[in-house]
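K.L.:
Following this message is one structure expressed as structure tokens.
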Number of protein chains: 2
Amino acid sequence: MRAARLIPILDWGRRYDRAAFGSDLLAAVIVTIMLVPQSLAYAMLAGLPPEAGIYASIVPILLYAVFGTSRSLAVGPVAVVSLLTASAVGEVAAQGTAGYAVAALTLAGLSGTFLVLLGLLRLGFVANFLSHPVIAGFITASGILIAASQLKHLLGIDAHGHTLIEIVASLLSHLSQTNWITLAIGSAATAFLFWVRRGMKPALRRIGLPPLAADVAAKAGPVAAVVATTLLVWGLSLEERGVAIVGAVPQGLPPLTLPSFAPDLIAQLALPAVLISIIGFVESVSVAQTLAAKKRQRIDPDQELIGLGAANIGAAFTGGYPVTGGFARSVVNHDAGAETPAAGAYTALGLAVAALALTPLIFYLPTATLAATIVVAVLSLVDLSILRRTWDYSRADFAAVAATILLTLGLGVEAGVASGVILSILLHLWKTSLPHVAEVGRVPGTEHFRNVLRHEVETVPHLVTLRVDESLYFANARFLEDLVQARVTEGSGITDIVLMMSAVNEIDFSALESLEAINARLRDMGVRLHFSEVKGPVMDRLERSHLLADLTGRVFLSQHDAWAALTEQT
Amino acid sequence: MRAARLIPILDWGRRYDRAAFGSDLLAAVIVTIMLVPQSLAYAMLAGLPPEAGIYASIVPILLYAVFGTSRSLAVGPVAVVSLLTASAVGEVAAQGTAGYAVAALTLAGLSGTFLVLLGLLRLGFVANFLSHPVIAGFITASGILIAASQLKHLLGIDAHGHTLIEIVASLLSHLSQTNWITLAIGSAATAFLFWVRRGMKPALRRIGLPPLAADVAAKAGPVAAVVATTLLVWGLSLEERGVAIVGAVPQGLPPLTLPSFAPDLIAQLALPAVLISIIGFVESVSVAQTLAAKKRQRIDPDQELIGLGAANIGAAFTGGYPVTGGFARSVVNHDAGAETPAAGAYTALGLAVAALALTPLIFYLPTATLAATIVVAVLSLVDLSILRRTWDYSRADFAAVAATILLTLGLGVEAGVASGVILSILLHLWKTSLPHVAEVGRVPGTEHFRNVLRHEVETVPHLVTLRVDESLYFANARFLEDLVQARVTEGSGITDIVLMMSAVNEIDFSALESLEAINARLRDMGVRLHFSEVKGPVMDRLERSHLLADLTGRVFLSQHDAWAALTEQT
């Protein structure tokens, strides 16, 4: 049981049959066709040679098939992680050097180790510190940055930069060097790929193709663009007219490689590796969970960490770079009928064949076509509607989205996501640091107690009851101190304060000390402090402190008991 | 009214009478006697010439008297802030240079500006991000560090270091150079001051002194130590035997000084200034609030920010360094009968007289006596019982205390407090990221619903009700997704899930998206999602989203309604 949980293949592998094999194989063919151009393109985005993208899709897929829990997730290079890789590795080595490739391997190794550790320690919850607004803002801004960074390939010029301003400024300063033939190829490929994505399937259906064939044909659209533009460049010798091409790509299976173990490099890459791991994991789990629900299956997030970690460690030793579960390819895999992770293994096989046989054929492939593939893919990530949706729902969440988008575009991906995380934590602390506290009175003739501002209720001048609508912890403990002191100094003749704790799920040590301070200060003012409706677990904990012994008043099971006891005395 | 709130002196100044004047004057005399040696000693701790401590107690006290709201708080140099100043300024300039003094002024100016800004923007709640365990751990570790750092003066040797290990190693390596006369003076002064603090007042009472006289005499103990050791050094020319003395101190009122406006220096000191401001503010407010409660008064924390900020800006322009409200001196001030902030003004006057007249008299004062004053004062800050108290109450809070103490001792004050803050925020997020969720059933024959694991309750196989005992936000949203999916895939024949929201005080945008995801995934599984007992403000917000429109089930006012409606259908 334990082994099957850590190595899920032991579970589903035992029951694998011919029907599942057929479904998996078909899904694998479709995903392979989709992945070849995408892998080349994302490697380029990461600043690596094109074969790195293919390598990163072979062994990692196999390892995920062994250790992962999702039946549909397709692992490999994805746009956002490729951008993060380029940003992190670009800090420590120059593109095109051997050091750059080694740094990318090291990044994958670190990320994989971190993910496996999180999984073994069952610490998957750290991914929760990335709030949805931060993720949505970050993905949208990354999509814009990636699209902007690819314009140089579409224009055939040189440009650099990690922020939108840098990229745009660099593009503008080189604009006069535009290669018009490259621009024509790039624009045509982009337009064609947009049409493939939006209009091709309906068009094919209209001319009578059956749905499955139309689907496969639409998936093959990028391959068609690759073939057509490669033939064009080759036939017209456009590479002699300044059209940038992919060039020689080594032919063969993924090589055995070693990440670096130099402590300096590891120290520099550690933080980006954590970031890449968490962003990759969050995206991947959310896709996997959605697809699992469609089949009433479930995934185990802690085991997913191990699956993705193994995939990344695999990438580090076979010439790849950081990988994760991709949204588009996983949906394609699922829709094409993949039943088990074996579909991934067959995809890996298909890509291995591509690496062995097809690489000489892409010598003349223009980089503009790959850029077009990237631009079309990432523009679907850009979703500015998140701004309006958060604005409508909550200004604090809107602030987190807006800050993440602006800072990612303006300062780069790492600063952007870091600021977003910090901001959303601060906003959460700020919101809970001002808890709702209502003064309550009795609804006449009942045992119900309601807000004095909203309802016609009975109150007694010497008795003030405050209902605290939030757990008490360090960020709001002092607020309660101020509030109680203000209420007592304002009123006159107050002898008893009751804190009604029905909505308090926790009292941490800071809040305990604040309650002790409130108790001591009220004693100095000649006012008794009582509690009512304290929850069981909270009471258990309070009994381990001095508060209850020092309390000037009593603890009442219900607010009604408190009311009855404290109004009687007068 | 508005003016009186921003400048509280306009309020109490109007009603000032002869009785208040008498009380304030007596308190001022006692506090002045206490402050003279303390101010000299803390300046030495901050690495500044002794007069800086006196200067830092004159204009800042006057400004606090105008802008502060506490009637008893005594503002000036304090031990922990002096240590933080030494640590921050030591990073940018060498002790004894003009640059060091200017950096200390700049630190006070930055801290003052930051505090005033926080006050004007009414952002005092940021101080709440320092949890009590972090503050307690930090103060304790600082006390140990300060005491260790003063041993070099008691031994008459040279030693340096910002961490306990550095300090101890440096002391040990210089131990052979111990000046035995200095050690004798230092030990005698330390022993005497401990006796003054613990045993002197009872002893004086026993020999028949009235309480007030005994009290004043005890307060004058440090002055007696200063006078006795100064006379000793002067009479026996011990300075020629290697006993370090204070030396020439300029005679006169505080000079007009200018902090630096160099952007580089400001950038380096900004973070320490924020830290000093917040730690100083938290300590100060807690003292002020305790003392105010004793007189059934209240202080306004946002106005306190302005009062302390004005005091620090004053320090920056009159040769001082960062100041805050001191615990010991405020209690003395309060106990001696101070009625209004005017007591502070008279103290300032007394210190001005000291600066004008007394400084030549302390030429022969041995630094060992000042070190003894510091050691005795700070050892009262050391309270290791916090470790046991937090251990008993909550392991998470214990972890925060222990980490803060160890990291402050091991890495220095800034790293220590920063790690403590980060750790306590992460622990809070971790605790709330695993909310308590109970599956509930109906107590037979009632409308009450209780945990199925703890009570004998009715349940129906097709209906699962989960009560969520925590507000839903980004850190726990995904946990709920996992939990619901696990529960539905485990059970069979489930058609309806009810989330009972009675303890949910907030749903942020991340949690909204998680609920949407749960709804969509349950729809794919053929299960309906319902809500019950949603609080008013939470419902108002949900109505601004798409969730309710897309919900596969219904929203029930009470859990009883949900039970009645959903069990009837079968």
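By convention here, the chains of the structure tokens are called A, B, ... in the order presented, each chain's residues are numbered starting at 1, and ligands are numbered starting at 1 in the order presented.
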Got a sec to pull out which chain A residues are within 8 Å of chain B, counting only C-alpha atoms, and send them as a PDB file with C-alpha atoms, in the first residue's frame?
P.N.:
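Writing done, so here's result_17.pdb:
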```pdb
ATOM      1  CA  PHE A 125       0.740  23.777   1.539  1.00  0.00           C
ATOM      2  CA  VAL A 126       3.538  26.311   0.983  1.00  0.00           C
ATOM      3  CA  ASN A 128      -0.926  28.139  -0.986  1.00  0.00           C
ATOM      4  CA  PHE A 129       0.984  31.292  -0.107  1.00  0.00           C
ATOM      5  CA  LEU A 130       0.628  32.246  -3.768  1.00  0.00           C
ATOM      6  CA  SER A 131      -2.863  33.732  -3.859  1.00  0.00           C
ATOM      7  CA  HIS A 132      -5.010  33.366  -6.987  1.00  0.00           C
ATOM      8  CA  PRO A 133      -4.836  37.109  -7.774  1.00  0.00           C
ATOM      9  CA  THR A 290      -9.623  19.922 -12.884  1.00  0.00           C
ATOM     10  CA  ALA A 293     -12.565  15.721 -11.349  1.00  0.00           C
ATOM     11  CA  LYS A 294     -13.952  15.124 -14.839  1.00  0.00           C
ATOM     12  CA  LYS A 295     -13.344  11.395 -14.263  1.00  0.00           C
ATOM     13  CA  ARG A 296     -14.272  11.438 -10.554  1.00  0.00           C
ATOM     14  CA  GLN A 297     -10.659  10.650  -9.747  1.00  0.00           C
ATOM     15  CA  ARG A 298      -8.431  12.508  -7.374  1.00  0.00           C
ATOM     16  CA  ARG A 389     -13.434  40.730 -11.698  1.00  0.00           C
ATOM     17  CA  THR A 390     -11.288  41.458  -8.651  1.00  0.00           C
ATOM     18  CA  ASP A 392     -15.935  44.119  -8.514  1.00  0.00           C
ATOM     19  CA  TYR A 393     -15.334  41.601  -5.745  1.00  0.00           C
ATOM     20  CA  SER A 394     -12.706  43.070  -3.426  1.00  0.00           C
ATOM     21  CA  ASP A 397      -7.537  41.506  -4.195  1.00  0.00           C
ATOM     22  CA  LEU A 429      -2.800  40.603   7.771  1.00  0.00           C
ATOM     23  CA  TRP A 430      -4.173  44.118   7.372  1.00  0.00           C
ATOM     24  CA  SER A 433      -5.901  43.117  11.899  1.00  0.00           C
ATOM     25  CA  ASP A 469     -16.010  38.170  14.700  1.00  0.00           C
ATOM     26  CA  GLU A 470     -12.487  36.932  13.993  1.00  0.00           C
ATOM     27  CA  PHE A 474      -0.898  38.865  16.907  1.00  0.00           C
ATOM     28  CA  ALA A 475      -2.065  41.116  14.085  1.00  0.00           C
ATOM     29  CA  ASN A 476      -5.364  42.007  15.739  1.00  0.00           C
ATOM     30  CA  ALA A 477      -4.651  41.480  19.429  1.00  0.00           C
ATOM     31  CA  ARG A 478      -3.641  45.075  20.058  1.00  0.00           C
ATOM     32  CA  PHE A 479      -6.661  46.359  18.144  1.00  0.00           C
ATOM     33  CA  GLN A 485     -10.080  50.561  26.556  1.00  0.00           C
ATOM     34  CA  ALA A 486     -11.811  53.140  24.347  1.00  0.00           C
ATOM     35  CA  THR A 489     -13.269  55.197  29.057  1.00  0.00           C
ATOM     36  CA  ALA A 503     -16.598  33.273  16.145  1.00  0.00           C
ATOM     37  CA  ASN A 505     -11.492  29.837  16.222  1.00  0.00           C
ATOM     38  CA  ASP A 508      -2.523  32.671  19.876  1.00  0.00           C
ATOM     39  CA  PHE A 509       0.033  33.613  22.521  1.00  0.00           C
ATOM     40  CA  SER A 510       0.055  37.292  21.517  1.00  0.00           C
ATOM     41  CA  GLU A 513      -1.124  38.259  26.475  1.00  0.00           C
ATOM     42  CA  ALA A 517      -3.354  42.995  29.602  1.00  0.00           C
ATOM     43  CA  ARG A 521      -6.114  47.183  32.919  1.00  0.00           C
ATOM     44  CA  LEU A 522      -9.828  46.669  33.487  1.00  0.00           C
ATOM     45  CA  ASP A 524      -7.167  48.886  37.540  1.00  0.00           C
ATOM     46  CA  MET A 525     -10.304  50.660  36.279  1.00  0.00           C
ATOM     47  CA  ARG A 541      -5.760  25.962  25.374  1.00  0.00           C
ATOM     48  CA  LEU A 542      -6.757  28.815  27.695  1.00  0.00           C
ATOM     49  CA  ARG A 544      -3.074  25.824  30.030  1.00  0.00           C
ATOM     50  CA  SER A 545      -2.445  29.530  30.776  1.00  0.00           C
TER      51      SER A 545
END
```
K.L.:
Applying 10 Å and only C-alpha atoms, which residues near A:Val31 remain after dropping the ones on its own chain fewer than 6 positions away? List them as JSON, numbers by chain.
P.N.:
{"A": [25, 74, 216, 219, 220, 328, 329, 330, 331, 332, 333, 334, 336, 343, 344, 346, 347, 348, 350, 351]}
K.L.:
Please produce a file of the residues just selected, as an mmCIF file, in the first residue's frame, where the atoms kept are C-alpha atoms.
P.N.:
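What ended up in part_27.cif:
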```cif
data_model
loop_
_atom_site.group_PDB
_atom_site.id
_atom_site.type_symbol
_atom_site.label_atom_id
_atom_site.label_comp_id
_atom_site.auth_asym_id
_atom_site.auth_seq_id
_atom_site.Cartn_x
_atom_site.Cartn_y
_atom_site.Cartn_z
ATOM 1 C CA LEU A 25 -1.517 5.448 -27.935
ATOM 2 C CA ALA A 74 1.478 16.140 -19.697
ATOM 3 C CA VAL A 216 -5.980 16.055 -35.272
ATOM 4 C CA LYS A 219 -3.365 20.045 -33.654
ATOM 5 C CA ALA A 220 -1.051 19.534 -36.635
ATOM 6 C CA ALA A 328 -2.686 23.181 -23.109
ATOM 7 C CA ARG A 329 -0.949 19.841 -23.669
ATOM 8 C CA SER A 330 -2.659 18.239 -20.654
ATOM 9 C CA VAL A 331 -6.083 19.267 -21.900
ATOM 10 C CA VAL A 332 -5.214 17.924 -25.357
ATOM 11 C CA ASN A 333 -3.963 14.694 -23.796
ATOM 12 C CA HIS A 334 -7.161 14.340 -21.747
ATOM 13 C CA ALA A 336 -7.677 12.794 -26.901
ATOM 14 C CA ALA A 343 0.125 7.874 -22.631
ATOM 15 C CA GLY A 344 2.998 10.067 -21.449
ATOM 16 C CA TYR A 346 4.331 6.769 -25.530
ATOM 17 C CA THR A 347 4.643 10.519 -26.086
ATOM 18 C CA ALA A 348 8.210 10.302 -24.794
ATOM 19 C CA GLY A 350 7.447 9.649 -30.098
ATOM 20 C CA LEU A 351 9.678 12.540 -29.119
#
```
K.L.:
What lies within 8 Å of B:Val376 using only C-alpha atoms, ignoring chain neighbours under 5 positions off, as a list in words?
P.N.:
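Those residues are Thr190, Leu193 and Phe194 of chain B.
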K.L.:
Take the residues from that selection and write them out as a PDB file, in the first residue's frame, keeping N, CA and C atoms.
P.N.:
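Below is the file that was written, part_4.pdb:
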```pdb
ATOM      1  N   THR B 190      28.644  47.188  40.056  1.00  0.00           N
ATOM      2  CA  THR B 190      27.564  46.281  39.654  1.00  0.00           C
ATOM      3  C   THR B 190      26.865  45.708  40.886  1.00  0.00           C
ATOM      4  N   LEU B 193      24.801  48.363  42.594  1.00  0.00           N
ATOM      5  CA  LEU B 193      23.578  48.725  41.864  1.00  0.00           C
ATOM      6  C   LEU B 193      22.527  47.616  41.949  1.00  0.00           C
ATOM      7  N   PHE B 194      22.984  46.360  41.955  1.00  0.00           N
ATOM      8  CA  PHE B 194      22.022  45.265  42.137  1.00  0.00           C
ATOM      9  C   PHE B 194      21.369  45.394  43.511  1.00  0.00           C
TER      10      PHE B 194
END
```
K.L.:
Using only C-alpha atoms, determine which residues lie at most 7 Å from B:Gly76, disregarding the query and same-chain residues fewer than 6 positions distant; provide the list as a PyMOL selection string.
P.N.:
chain B and resi 56-57+60-61+323-326
K.L.:
Atoms to include: N, CA and C atoms. Write the selected residues as an mmCIF file, in the first residue's frame.
P.N.:
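Output below, filename again-v6.cif:
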```
data_model
loop_
_atom_site.group_PDB
_atom_site.id
_atom_site.type_symbol
_atom_site.label_atom_id
_atom_site.label_comp_id
_atom_site.auth_asym_id
_atom_site.auth_seq_id
_atom_site.Cartn_x
_atom_site.Cartn_y
_atom_site.Cartn_z
ATOM 1 N N ALA B 56 19.831 63.840 23.849
ATOM 2 C CA ALA B 56 18.689 63.079 23.341
ATOM 3 C C ALA B 56 17.537 63.068 24.342
ATOM 4 N N SER B 57 17.771 63.555 25.556
ATOM 5 C CA SER B 57 16.706 63.563 26.568
ATOM 6 C C SER B 57 16.085 64.941 26.765
ATOM 7 N N PRO B 60 13.719 66.131 22.680
ATOM 8 C CA PRO B 60 12.706 65.092 22.426
ATOM 9 C C PRO B 60 11.617 65.053 23.504
ATOM 10 N N ILE B 61 12.003 65.206 24.783
ATOM 11 C CA ILE B 61 10.994 65.189 25.851
ATOM 12 C C ILE B 61 10.022 66.355 25.670
ATOM 13 N N VAL B 323 15.245 57.846 19.964
ATOM 14 C CA VAL B 323 14.687 57.762 21.319
ATOM 15 C C VAL B 323 13.311 57.097 21.272
ATOM 16 N N THR B 324 12.842 56.673 22.405
ATOM 17 C CA THR B 324 11.462 56.182 22.506
ATOM 18 C C THR B 324 11.035 56.261 23.966
ATOM 19 N N GLY B 325 9.812 55.832 24.255
ATOM 20 C CA GLY B 325 9.342 55.850 25.633
ATOM 21 C C GLY B 325 9.991 54.714 26.405
ATOM 22 N N GLY B 326 10.646 55.031 27.510
ATOM 23 C CA GLY B 326 11.345 54.002 28.282
ATOM 24 C C GLY B 326 10.428 53.400 29.321
#
```
K.L.:
What is the distance between atom CA of B:Ile181 and atom CA of B:Ala225, in Å to one decimal?
P.N.:
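Going from atom CA of B:Ile181 over to atom CA of B:Ala225 covers 15.8 Å.
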K.L.:
Pull the alpha helix (DSSP H) assignments for stretch 101-151 of chain A out of DSSP run on the backbone, and list those residues as a ChimeraX atom specification.
P.N.:
/A:101-120,132-151
K.L.:
Produce a file of the selected residues containing N, CA and C atoms, as a CSV table (one decimal), in the first residue's frame.
P.N.:
```csv
chain,number,residue,atom,x,y,z
A,101,ALA,N,24.0,26.5,-20.3
A,101,ALA,CA,23.3,25.3,-20.4
A,101,ALA,C,23.5,24.5,-19.0
A,102,VAL,N,24.7,24.6,-18.4
A,102,VAL,CA,24.9,23.9,-17.1
A,102,VAL,C,24.1,24.6,-16.1
A,103,ALA,N,24.0,25.9,-16.1
A,103,ALA,CA,23.1,26.6,-15.1
A,103,ALA,C,21.7,26.2,-15.2
A,104,ALA,N,21.2,26.0,-16.5
A,104,ALA,CA,19.8,25.6,-16.7
A,104,ALA,C,19.6,24.2,-16.1
A,105,LEU,N,20.6,23.3,-16.3
A,105,LEU,CA,20.5,21.9,-15.7
A,105,LEU,C,20.5,22.0,-14.2
A,106,THR,N,21.4,22.9,-13.7
A,106,THR,CA,21.4,23.0,-12.2
A,106,THR,C,20.1,23.5,-11.7
A,107,LEU,N,19.5,24.5,-12.4
A,107,LEU,CA,18.2,25.1,-12.0
A,107,LEU,C,17.2,23.9,-11.9
A,108,ALA,N,17.2,23.1,-12.9
A,108,ALA,CA,16.2,22.0,-12.9
A,108,ALA,C,16.5,21.0,-11.8
A,109,GLY,N,17.8,20.8,-11.5
A,109,GLY,CA,18.2,19.8,-10.4
A,109,GLY,C,17.7,20.4,-9.1
A,110,LEU,N,18.0,21.7,-8.9
A,110,LEU,CA,17.6,22.3,-7.6
A,110,LEU,C,16.1,22.3,-7.4
A,111,SER,N,15.4,22.7,-8.5
A,111,SER,CA,14.0,22.7,-8.5
A,111,SER,C,13.4,21.3,-8.2
A,112,GLY,N,14.0,20.3,-8.8
A,112,GLY,CA,13.5,18.9,-8.6
A,112,GLY,C,13.8,18.5,-7.2
A,113,THR,N,14.9,18.8,-6.6
A,113,THR,CA,15.3,18.4,-5.3
A,113,THR,C,14.3,19.1,-4.3
A,114,PHE,N,14.1,20.4,-4.5
A,114,PHE,CA,13.2,21.1,-3.6
A,114,PHE,C,11.8,20.5,-3.7
A,115,LEU,N,11.3,20.2,-4.9
A,115,LEU,CA,9.9,19.6,-5.0
A,115,LEU,C,9.8,18.3,-4.3
A,116,VAL,N,10.8,17.4,-4.5
A,116,VAL,CA,10.8,16.1,-3.8
A,116,VAL,C,10.8,16.3,-2.3
A,117,LEU,N,11.7,17.2,-1.8
A,117,LEU,CA,11.7,17.4,-0.4
A,117,LEU,C,10.4,17.9,0.2
A,118,LEU,N,9.8,18.8,-0.5
A,118,LEU,CA,8.5,19.3,-0.1
A,118,LEU,C,7.5,18.1,0.0
A,119,GLY,N,7.6,17.3,-1.1
A,119,GLY,CA,6.6,16.2,-1.2
A,119,GLY,C,6.9,15.2,0.0
A,120,LEU,N,8.1,14.8,0.2
A,120,LEU,CA,8.4,13.8,1.3
A,120,LEU,C,8.0,14.4,2.6
A,132,HIS,N,-4.5,33.4,-5.6
A,132,HIS,CA,-5.0,33.4,-7.0
A,132,HIS,C,-4.8,34.7,-7.7
A,133,PRO,N,-5.1,35.8,-7.1
A,133,PRO,CA,-4.8,37.1,-7.8
A,133,PRO,C,-3.4,37.3,-8.2
A,134,VAL,N,-2.5,36.8,-7.3
A,134,VAL,CA,-1.0,37.0,-7.6
A,134,VAL,C,-0.7,36.1,-8.8
A,135,ILE,N,-1.2,34.8,-8.8
A,135,ILE,CA,-0.9,33.9,-9.9
A,135,ILE,C,-1.5,34.5,-11.2
A,136,ALA,N,-2.8,34.9,-11.1
A,136,ALA,CA,-3.4,35.4,-12.3
A,136,ALA,C,-2.7,36.6,-12.9
A,137,GLY,N,-2.4,37.5,-12.0
A,137,GLY,CA,-1.6,38.7,-12.4
A,137,GLY,C,-0.3,38.3,-13.0
A,138,PHE,N,0.4,37.4,-12.4
A,138,PHE,CA,1.7,37.0,-12.8
A,138,PHE,C,1.7,36.4,-14.2
A,139,ILE,N,0.7,35.5,-14.4
A,139,ILE,CA,0.6,34.7,-15.6
A,139,ILE,C,0.3,35.7,-16.8
A,140,THR,N,-0.6,36.6,-16.5
A,140,THR,CA,-1.0,37.6,-17.5
A,140,THR,C,0.2,38.5,-17.9
A,141,ALA,N,0.9,39.0,-16.9
A,141,ALA,CA,2.1,39.8,-17.2
A,141,ALA,C,3.2,39.1,-17.9
A,142,SER,N,3.3,37.8,-17.5
A,142,SER,CA,4.4,37.0,-18.1
A,142,SER,C,4.0,36.8,-19.6
A,143,GLY,N,2.7,36.5,-19.9
A,143,GLY,CA,2.3,36.4,-21.3
A,143,GLY,C,2.7,37.6,-22.1
A,144,ILE,N,2.4,38.8,-21.5
A,144,ILE,CA,2.7,40.0,-22.2
A,144,ILE,C,4.2,40.1,-22.4
A,145,LEU,N,5.0,39.9,-21.4
A,145,LEU,CA,6.5,39.9,-21.5
A,145,LEU,C,7.0,39.0,-22.5
A,146,ILE,N,6.5,37.7,-22.5
A,146,ILE,CA,7.0,36.7,-23.5
A,146,ILE,C,6.7,37.1,-24.9
A,147,ALA,N,5.4,37.6,-25.1
A,147,ALA,CA,5.1,38.0,-26.5
A,147,ALA,C,6.0,39.1,-26.9
A,148,ALA,N,6.2,40.1,-26.0
A,148,ALA,CA,7.1,41.2,-26.4
A,148,ALA,C,8.5,40.8,-26.7
A,149,SER,N,9.0,39.8,-25.9
A,149,SER,CA,10.3,39.3,-26.1
A,149,SER,C,10.5,38.6,-27.4
A,150,GLN,N,9.4,38.1,-28.0
A,150,GLN,CA,9.5,37.3,-29.2
A,150,GLN,C,9.4,38.2,-30.5
A,151,LEU,N,9.0,39.5,-30.3
A,151,LEU,CA,8.9,40.4,-31.4
A,151,LEU,C,10.2,40.5,-32.2
```
K.L.:
Please provide the set of residues having any atom within 7 Å of B:Pro366, restricted to only C-alpha atoms, with same-chain residues fewer than 5 positions apart removed, written as a short mmCIF file (atom, residue, chain, number, x, y, z; two decimals) with C-alpha atoms, in the first residue's frame.
P.N.:
```
data_model
loop_
_atom_site.label_atom_id
_atom_site.label_comp_id
_atom_site.auth_asym_id
_atom_site.auth_seq_id
_atom_site.Cartn_x
_atom_site.Cartn_y
_atom_site.Cartn_z
CA THR B 229 33.73 56.00 41.64
CA THR B 230 34.51 59.40 40.07
CA VAL B 243 41.31 52.88 34.19
CA ALA B 244 39.25 54.19 31.23
CA ILE B 245 37.39 57.41 32.05
CA VAL B 246 34.73 59.47 30.31
#
```
K.L.:
Please provide the set of residues having any atom within 12 Å of stretch 461-463 of chain B, restricted to only C-alpha atoms, with same-chain residues fewer than 3 positions apart removed, written as a ChimeraX atom specification.
P.N.:
/B:439-442,458,466,487-488,491-499,526-530,562-570
K.L.:
To test your reading of the structure, identify every residue in stretch 436-490 of chain A that backbone DSSP assigns to strand (DSSP E or B), and report it as a list of chain:residue names.
P.N.:
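Everything in stretch 436-490 of chain A that counts as strand (DSSP E or B) is A:Val437, A:Ala438, A:Glu439, A:Val440, A:Gly441, A:Arg442, A:Phe449, A:Arg450, A:Asn451, A:Glu458, A:Val460, A:Leu463, A:Val464, A:Thr465, A:Leu466, A:Arg467, A:Val468, A:Leu472.
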K.L.:
Of the residues B:Leu73, B:Val227, B:Leu356, B:Ile185, which is the one nearest to B:Ala27, using only C-alpha atoms?
P.N.:
B:Leu73
K.L.:
Pick from A:Gly161, A:Gly68, A:Gly314, A:Pro250: nearest to A:Asp302, with only C-alpha atoms counted?
P.N.:
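Closest to A:Asp302 of all the choices is A:Gly68.
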K.L.:
List as a list in words the protein and nucleic acid residues near stretch 171-180 of chain A, meaning an atom at most 6 Å away when only C-alpha atoms are counted, but skip any in the same chain fewer than 6 places from it.
P.N.:
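Surrounding residues, per the criterion: Leu155, Gly156, Ile157 and Ala159 of chain A.
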K.L.:
Please report the interatomic distance between atom CA of B:Lys535 and atom CA of A:Lys535 in Å with one decimal.
P.N.:
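Calculated distance between atom CA of B:Lys535 and atom CA of A:Lys535 is 18.5 Å.
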K.L.:
Could you tell me how far atom CA of B:Leu308 lies from atom CA of B:Ala342, in Å and to one decimal?
P.N.:
15.8 Å
K.L.:
Which residue, A:Gly208, A:Pro444, A:Pro322, A:Gly13, has the smallest gap to A:Pro259 when you use only C-alpha atoms?
P.N.:
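Answer, going by the shortest atom-to-atom distance: A:Pro322.
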K.L.:
Give the answer as one residue: which of B:Leu551, B:Ala191, B:Val401, B:Ile313 has the shortest atom-to-atom distance to B:Val375, using only C-alpha atoms?
P.N.:
B:Ala191
